[in-house]
>>> print(open('entry-v2.cif').read())   # mmCIF, C-alpha atoms and all ligand atoms
data_run
loop_
_atom_site.group_PDB
_atom_site.id
_atom_site.type_symbol
_atom_site.label_atom_id
_atom_site.label_comp_id
_atom_site.auth_asym_id
_atom_site.auth_seq_id
_atom_site.Cartn_x
_atom_site.Cartn_y
_atom_site.Cartn_z
ATOM 1 C CA MET A 3 96.734 97.720 99.510
ATOM 2 C CA LYS A 4 94.389 96.168 102.067
ATOM 3 C CA ILE A 5 93.095 97.723 105.271
ATOM 4 C CA ALA A 6 91.103 95.967 107.991
ATOM 5 C CA VAL A 7 88.629 98.202 109.805
ATOM 6 C CA VAL A 8 87.883 97.036 113.344
ATOM 7 C CA HIS A 9 84.923 98.324 115.344
ATOM 8 C CA GLY A 10 84.666 97.509 119.045
ATOM 9 C CA PRO A 11 81.818 97.019 121.499
ATOM 10 C CA ASN A 12 78.469 98.747 121.174
ATOM 11 C CA LEU A 13 79.341 100.402 117.884
ATOM 12 C CA ASN A 14 76.643 98.180 116.331
ATOM 13 C CA LEU A 15 74.204 100.539 118.103
ATOM 14 C CA LEU A 16 75.365 103.590 116.151
ATOM 15 C CA GLY A 17 72.583 105.723 114.801
ATOM 16 C CA GLN A 18 70.045 104.180 117.160
ATOM 17 C CA ARG A 19 70.950 105.948 120.439
ATOM 18 C CA GLU A 20 73.024 108.877 121.705
ATOM 19 C CA PRO A 21 73.214 110.760 118.378
ATOM 20 C CA ALA A 22 74.347 113.902 120.237
ATOM 21 C CA ILE A 23 77.584 112.119 121.167
ATOM 22 C CA TYR A 24 78.151 109.684 118.312
ATOM 23 C CA GLY A 25 76.248 111.246 115.406
ATOM 24 C CA GLY A 26 73.314 109.940 113.420
ATOM 25 C CA ALA A 27 75.034 107.555 111.016
ATOM 26 C CA THR A 28 74.564 103.819 111.461
ATOM 27 C CA LEU A 29 77.524 101.440 111.424
ATOM 28 C CA ALA A 30 76.411 100.248 107.978
ATOM 29 C CA GLU A 31 76.619 103.867 106.778
ATOM 30 C CA VAL A 32 80.114 104.255 108.271
ATOM 31 C CA ASP A 33 81.211 101.085 106.480
ATOM 32 C CA ARG A 34 79.560 102.214 103.230
ATOM 33 C CA GLN A 35 81.410 105.547 103.311
ATOM 34 C CA LEU A 36 84.685 103.798 104.117
ATOM 35 C CA HIS A 37 84.198 101.527 101.080
ATOM 36 C CA THR A 38 83.456 104.547 98.870
ATOM 37 C CA LEU A 39 86.577 106.371 100.059
ATOM 38 C CA ALA A 40 88.623 103.183 99.693
ATOM 39 C CA MET A 41 87.595 102.983 96.024
ATOM 40 C CA GLU A 42 88.709 106.605 95.521
ATOM 41 C CA LEU A 43 92.029 105.860 97.203
ATOM 42 C CA GLN A 44 92.353 102.594 95.282
ATOM 43 C CA VAL A 45 92.661 100.444 98.356
ATOM 44 C CA GLU A 46 90.528 97.612 99.728
ATOM 45 C CA VAL A 47 88.799 97.669 103.095
ATOM 46 C CA THR A 48 87.125 94.941 105.104
ATOM 47 C CA CYS A 49 84.994 95.882 108.100
ATOM 48 C CA PHE A 50 84.455 93.851 111.261
ATOM 49 C CA GLN A 51 82.571 94.638 114.477
ATOM 50 C CA SER A 52 82.358 92.650 117.673
ATOM 51 C CA ASN A 53 81.249 93.222 121.228
ATOM 52 C CA SER A 54 83.649 90.547 122.413
ATOM 53 C CA GLU A 55 87.253 91.306 123.315
ATOM 54 C CA GLY A 56 88.402 87.795 122.397
ATOM 55 C CA ALA A 57 86.705 87.948 118.998
ATOM 56 C CA LEU A 58 88.455 91.251 118.275
ATOM 57 C CA VAL A 59 91.831 89.769 119.256
ATOM 58 C CA ASP A 60 91.142 86.697 117.081
ATOM 59 C CA HIS A 61 90.164 88.909 114.176
ATOM 60 C CA VAL A 62 93.317 91.032 114.408
ATOM 61 C CA GLN A 63 95.475 87.889 114.529
ATOM 62 C CA GLY A 64 93.587 86.225 111.689
ATOM 63 C CA ALA A 65 93.495 89.238 109.371
ATOM 64 C CA ALA A 66 97.047 90.497 109.868
ATOM 65 C CA GLU A 67 98.786 88.300 107.282
ATOM 66 C CA ALA A 68 96.472 89.481 104.529
ATOM 67 C CA VAL A 69 96.390 93.211 105.300
ATOM 68 C CA ASP A 70 98.780 96.141 105.306
ATOM 69 C CA GLY A 71 97.265 97.972 108.249
ATOM 70 C CA PHE A 72 94.339 98.395 110.613
ATOM 71 C CA LEU A 73 91.887 101.226 111.214
ATOM 72 C CA VAL A 74 90.606 100.721 114.752
ATOM 73 C CA ASN A 75 87.821 102.128 116.869
ATOM 74 C CA ALA A 76 88.152 99.854 119.865
ATOM 75 C CA GLY A 77 85.247 101.532 121.659
ATOM 76 C CA ALA A 78 85.422 101.075 125.436
ATOM 77 C CA TYR A 79 88.213 98.480 125.035
ATOM 78 C CA THR A 80 90.422 101.429 124.083
ATOM 79 C CA HIS A 81 90.512 102.291 127.773
ATOM 80 C CA THR A 82 90.735 98.793 129.230
ATOM 81 C CA SER A 83 92.268 96.222 126.922
ATOM 82 C CA VAL A 84 95.882 95.173 127.236
ATOM 83 C CA ALA A 85 94.907 92.110 125.154
ATOM 84 C CA LEU A 86 93.883 94.205 122.152
ATOM 85 C CA ARG A 87 96.990 96.379 122.507
ATOM 86 C CA ASP A 88 99.146 93.240 122.553
ATOM 87 C CA ALA A 89 97.353 91.816 119.507
ATOM 88 C CA LEU A 90 97.720 95.017 117.476
ATOM 89 C CA THR A 91 101.374 95.490 118.388
ATOM 90 C CA GLY A 92 102.141 91.766 118.168
ATOM 91 C CA VAL A 93 101.033 91.325 114.568
ATOM 92 C CA GLY A 94 103.411 94.030 113.403
ATOM 93 C CA ARG A 95 101.023 95.962 111.173
ATOM 94 C CA PRO A 96 100.606 99.742 111.465
ATOM 95 C CA PHE A 97 97.277 100.926 112.823
ATOM 96 C CA VAL A 98 95.396 104.189 113.224
ATOM 97 C CA GLU A 99 93.114 104.704 116.238
ATOM 98 C CA VAL A 100 89.865 106.583 115.644
ATOM 99 C CA HIS A 101 87.025 107.800 117.828
ATOM 100 C CA LEU A 102 83.740 109.374 116.872
ATOM 101 C CA SER A 103 83.675 111.548 119.982
ATOM 102 C CA ASN A 104 86.395 113.744 121.449
ATOM 103 C CA VAL A 105 87.340 111.394 124.256
ATOM 104 C CA TYR A 106 89.449 114.145 125.912
ATOM 105 C CA ALA A 107 86.366 116.325 126.377
ATOM 106 C CA ARG A 108 84.543 113.489 128.162
ATOM 107 C CA GLU A 109 84.913 111.566 131.438
ATOM 108 C CA PRO A 110 88.499 111.201 132.747
ATOM 109 C CA PHE A 111 88.410 107.388 132.324
ATOM 110 C CA ARG A 112 88.177 107.954 128.550
ATOM 111 C CA HIS A 113 91.370 110.035 128.502
ATOM 112 C CA HIS A 114 93.669 107.041 128.680
ATOM 113 C CA SER A 115 94.113 104.743 125.709
ATOM 114 C CA TYR A 116 96.019 101.463 125.690
ATOM 115 C CA LEU A 117 96.485 101.913 121.933
ATOM 116 C CA SER A 118 97.530 105.516 121.267
ATOM 117 C CA ASP A 119 101.240 105.218 122.024
ATOM 118 C CA ARG A 120 101.504 102.330 119.547
ATOM 119 C CA ALA A 121 99.315 103.886 116.850
ATOM 120 C CA VAL A 122 100.616 105.651 113.762
ATOM 121 C CA GLY A 123 98.079 108.370 114.566
ATOM 122 C CA VAL A 124 94.869 109.116 116.417
ATOM 123 C CA VAL A 125 91.763 110.935 115.121
ATOM 124 C CA ALA A 126 88.972 111.792 117.568
ATOM 125 C CA GLY A 127 85.952 114.049 117.750
ATOM 126 C CA PHE A 128 84.832 114.336 114.141
ATOM 127 C CA GLY A 129 82.135 111.685 114.059
ATOM 128 C CA LEU A 130 82.109 109.629 110.874
ATOM 129 C CA GLU A 131 84.757 111.980 109.496
ATOM 130 C CA SER A 132 87.224 110.592 112.095
ATOM 131 C CA TYR A 133 87.099 107.240 110.290
ATOM 132 C CA LEU A 134 87.510 108.825 106.856
ATOM 133 C CA SER A 135 90.438 111.022 107.967
ATOM 134 C CA GLY A 136 91.956 108.040 109.744
ATOM 135 C CA LEU A 137 91.754 105.961 106.565
ATOM 136 C CA ARG A 138 93.361 108.734 104.503
ATOM 137 C CA GLY A 139 96.144 109.113 107.072
ATOM 138 C CA LEU A 140 96.811 105.390 107.235
ATOM 139 C CA VAL A 141 96.993 105.069 103.445
ATOM 140 C CA VAL A 142 99.412 108.025 103.207
ATOM 141 C CA HIS A 143 101.532 106.453 105.948
ATOM 142 C CA LEU A 144 101.589 103.020 104.266
ATOM 143 C CA ARG A 145 102.438 104.501 100.862
ATOM 144 C CA GLN A 146 105.292 106.536 102.336
ATOM 145 C CA ALA A 147 106.595 103.492 104.195
ATOM 146 C CA ALA A 148 106.461 101.404 100.993
ATOM 147 C CA LYS A 149 108.383 104.111 99.124
ATOM 148 C CA HIS A 150 111.116 104.166 101.755
ATOM 149 C CA GLU A 151 111.408 100.370 101.623
ATOM 150 C CA SER A 152 112.013 100.251 97.847
HETATM 151 O O1 LIG B 201 83.994 108.008 120.514
HETATM 152 C C1 LIG B 201 84.211 106.836 120.214
HETATM 153 O O2 LIG B 201 84.283 106.427 119.056
HETATM 154 C C2 LIG B 201 84.331 105.785 121.324
HETATM 155 O O3 LIG B 201 85.311 104.838 120.931
HETATM 156 C C3 LIG B 201 82.962 105.140 121.442
HETATM 157 C C4 LIG B 201 82.846 104.165 122.598
HETATM 158 C C5 LIG B 201 83.342 104.786 123.898
HETATM 159 O O4 LIG B 201 83.353 103.823 124.935
HETATM 160 C C6 LIG B 201 84.746 105.375 123.749
HETATM 161 O O5 LIG B 201 85.108 105.973 124.969
HETATM 162 C C7 LIG B 201 84.769 106.401 122.649
HETATM 163 C C8 LIG B 201 81.390 103.751 122.809
HETATM 164 C C9 LIG B 201 80.719 103.237 121.598
HETATM 165 C C10 LIG B 201 79.278 103.069 121.958
HETATM 166 O O6 LIG B 201 78.500 103.456 120.874
HETATM 167 C C11 LIG B 201 77.188 103.645 121.088
HETATM 168 C C12 LIG B 201 76.487 104.149 120.032
HETATM 169 C C13 LIG B 201 75.147 104.386 120.158
HETATM 170 C C14 LIG B 201 74.503 104.114 121.365
HETATM 171 C C15 LIG B 201 75.214 103.617 122.424
HETATM 172 C C16 LIG B 201 76.563 103.366 122.279
#
>>> encode(input="entry-v2.cif", output="structure tokens", more="lines below")
Ligand code: CA2
Amino acid sequence: MKIAVVHGPNLNLLGQREPAIYGGATLAEVDRQLHTLAMELQVEVTCFQSNSEGALVDHVQGAAEAVDGFLVNAGAYTHTSVALRDALTGVGRPFVEVHLSNVYAREPFRHHSYLSDRAVGVVAGFGLESYLSGLRGLVVHLRQAAKHES
């Protein structure tokens, strides 16, 4: 089973600024922990980050054929991007939305997501643990779906 992890804009700055909101781990550390958990779960992950909306859309389109699902922290594009929503729904692969911070405890403009109603699930507010829980949840979902198909 293959999962594509997608990180949106500014997440390359993780660990360098705003640790009170986003935690102290760098993006490389997030990816390292996702790879470790993936080995435990016996799945494969690939990780991709971009600050560009178009590059994220291209990546989702390009990766979809080869993966079973997506784990997505779309960053600020969560709250703005119809294009990313259309890409994720259009490719027909299940995805889980994750956020490091509890977006509902923050500014009102972060309370709306263009992705949540199309996601299998949403995990927010647990820092790096949001990604790990999101990966576990997605793998459980994909395994259950595969069982029901056979
Ligand atoms: O909590 C999350 O994971 C967010 O997706 C992070 C986004 C934010 O726009 C969303 O509302 C919630 C921002 C990522 C920016 O990350 C930074 C990390 C360190 C320093 C500056 C930005």
>>> atom_distance(input="entry-v2.cif", atom1="atom C6 of ligand LIG 201 (chain B)", atom2="atom CA of A:Thr38")
24.9 Å
>>> resolve_selection(input="entry-v2.cif", expression="the PyMOL selection byres (((not hetatm)) within 7 of (chain B and resi 201))", output="mmCIF file with C-alpha atoms, keeping the file's coordinate frame")
data_model
loop_
_atom_site.group_PDB
_atom_site.id
_atom_site.type_symbol
_atom_site.label_atom_id
_atom_site.label_comp_id
_atom_site.auth_asym_id
_atom_site.auth_seq_id
_atom_site.Cartn_x
_atom_site.Cartn_y
_atom_site.Cartn_z
ATOM 1 C CA PRO A 11 81.818 97.019 121.499
ATOM 2 C CA ASN A 12 78.469 98.747 121.174
ATOM 3 C CA LEU A 13 79.341 100.402 117.884
ATOM 4 C CA LEU A 15 74.204 100.539 118.103
ATOM 5 C CA LEU A 16 75.365 103.590 116.151
ATOM 6 C CA GLY A 17 72.583 105.723 114.801
ATOM 7 C CA GLN A 18 70.045 104.180 117.160
ATOM 8 C CA ARG A 19 70.950 105.948 120.439
ATOM 9 C CA GLU A 20 73.024 108.877 121.705
ATOM 10 C CA PRO A 21 73.214 110.760 118.378
ATOM 11 C CA TYR A 24 78.151 109.684 118.312
ATOM 12 C CA ASN A 75 87.821 102.128 116.869
ATOM 13 C CA ALA A 76 88.152 99.854 119.865
ATOM 14 C CA GLY A 77 85.247 101.532 121.659
ATOM 15 C CA ALA A 78 85.422 101.075 125.436
ATOM 16 C CA THR A 80 90.422 101.429 124.083
ATOM 17 C CA VAL A 100 89.865 106.583 115.644
ATOM 18 C CA HIS A 101 87.025 107.800 117.828
ATOM 19 C CA LEU A 102 83.740 109.374 116.872
ATOM 20 C CA SER A 103 83.675 111.548 119.982
ATOM 21 C CA ASN A 104 86.395 113.744 121.449
ATOM 22 C CA VAL A 105 87.340 111.394 124.256
ATOM 23 C CA ARG A 112 88.177 107.954 128.550
ATOM 24 C CA ALA A 126 88.972 111.792 117.568
ATOM 25 C CA GLY A 127 85.952 114.049 117.750
#
>>> resolve_selection(input="entry-v2.cif", expression="the PyMOL selection byres (((chain A and resi 32) around 12) and not hetatm)", output="MDAnalysis selection string")
chainID A and resid 7:9 13:14 16:17 24:31 33:39 49:51 75 102 129:134 137
>>> closest_residue(input="entry-v2.cif", among="A:Glu109, A:Asp119, A:Glu151, A:Asp70", to="A:Pro96", atoms="all atoms listed in the file")
A:Asp70
>>> atom_distance(input="entry-v2.cif", atom1="atom CA of A:Gly71", atom2="atom CA of A:Val98")
8.2 Å
>>> resolve_selection(input="entry-v2.cif", expression="the PyMOL selection byres (((chain A and resi 58) around 10) and not hetatm)", output="ChimeraX atom specification")
/A:8-11,50-57,59-64,76,79,85-86,89
>>> atom_distance(input="entry-v2.cif", atom1="atom CA of A:Ala6", atom2="atom CA of A:Leu90")
11.6 Å
>>> closest_residue(input="entry-v2.cif", among="A:Leu43, A:Ala148, A:Arg138, A:Arg95", to="A:Val125", atoms="all atoms listed in the file")
A:Arg138
>>> closest_residue(input="entry-v2.cif", among="A:Gln44, A:Lys4, A:Gln146, A:Ser118", to="A:Ala68", atoms="all atoms listed in the file")
A:Lys4
>>> closest_residue(input="entry-v2.cif", among="A:Ser152, A:Ser83, A:Ser135, A:Thr91", to="A:His114", atoms="only C-alpha atoms")
A:Ser83
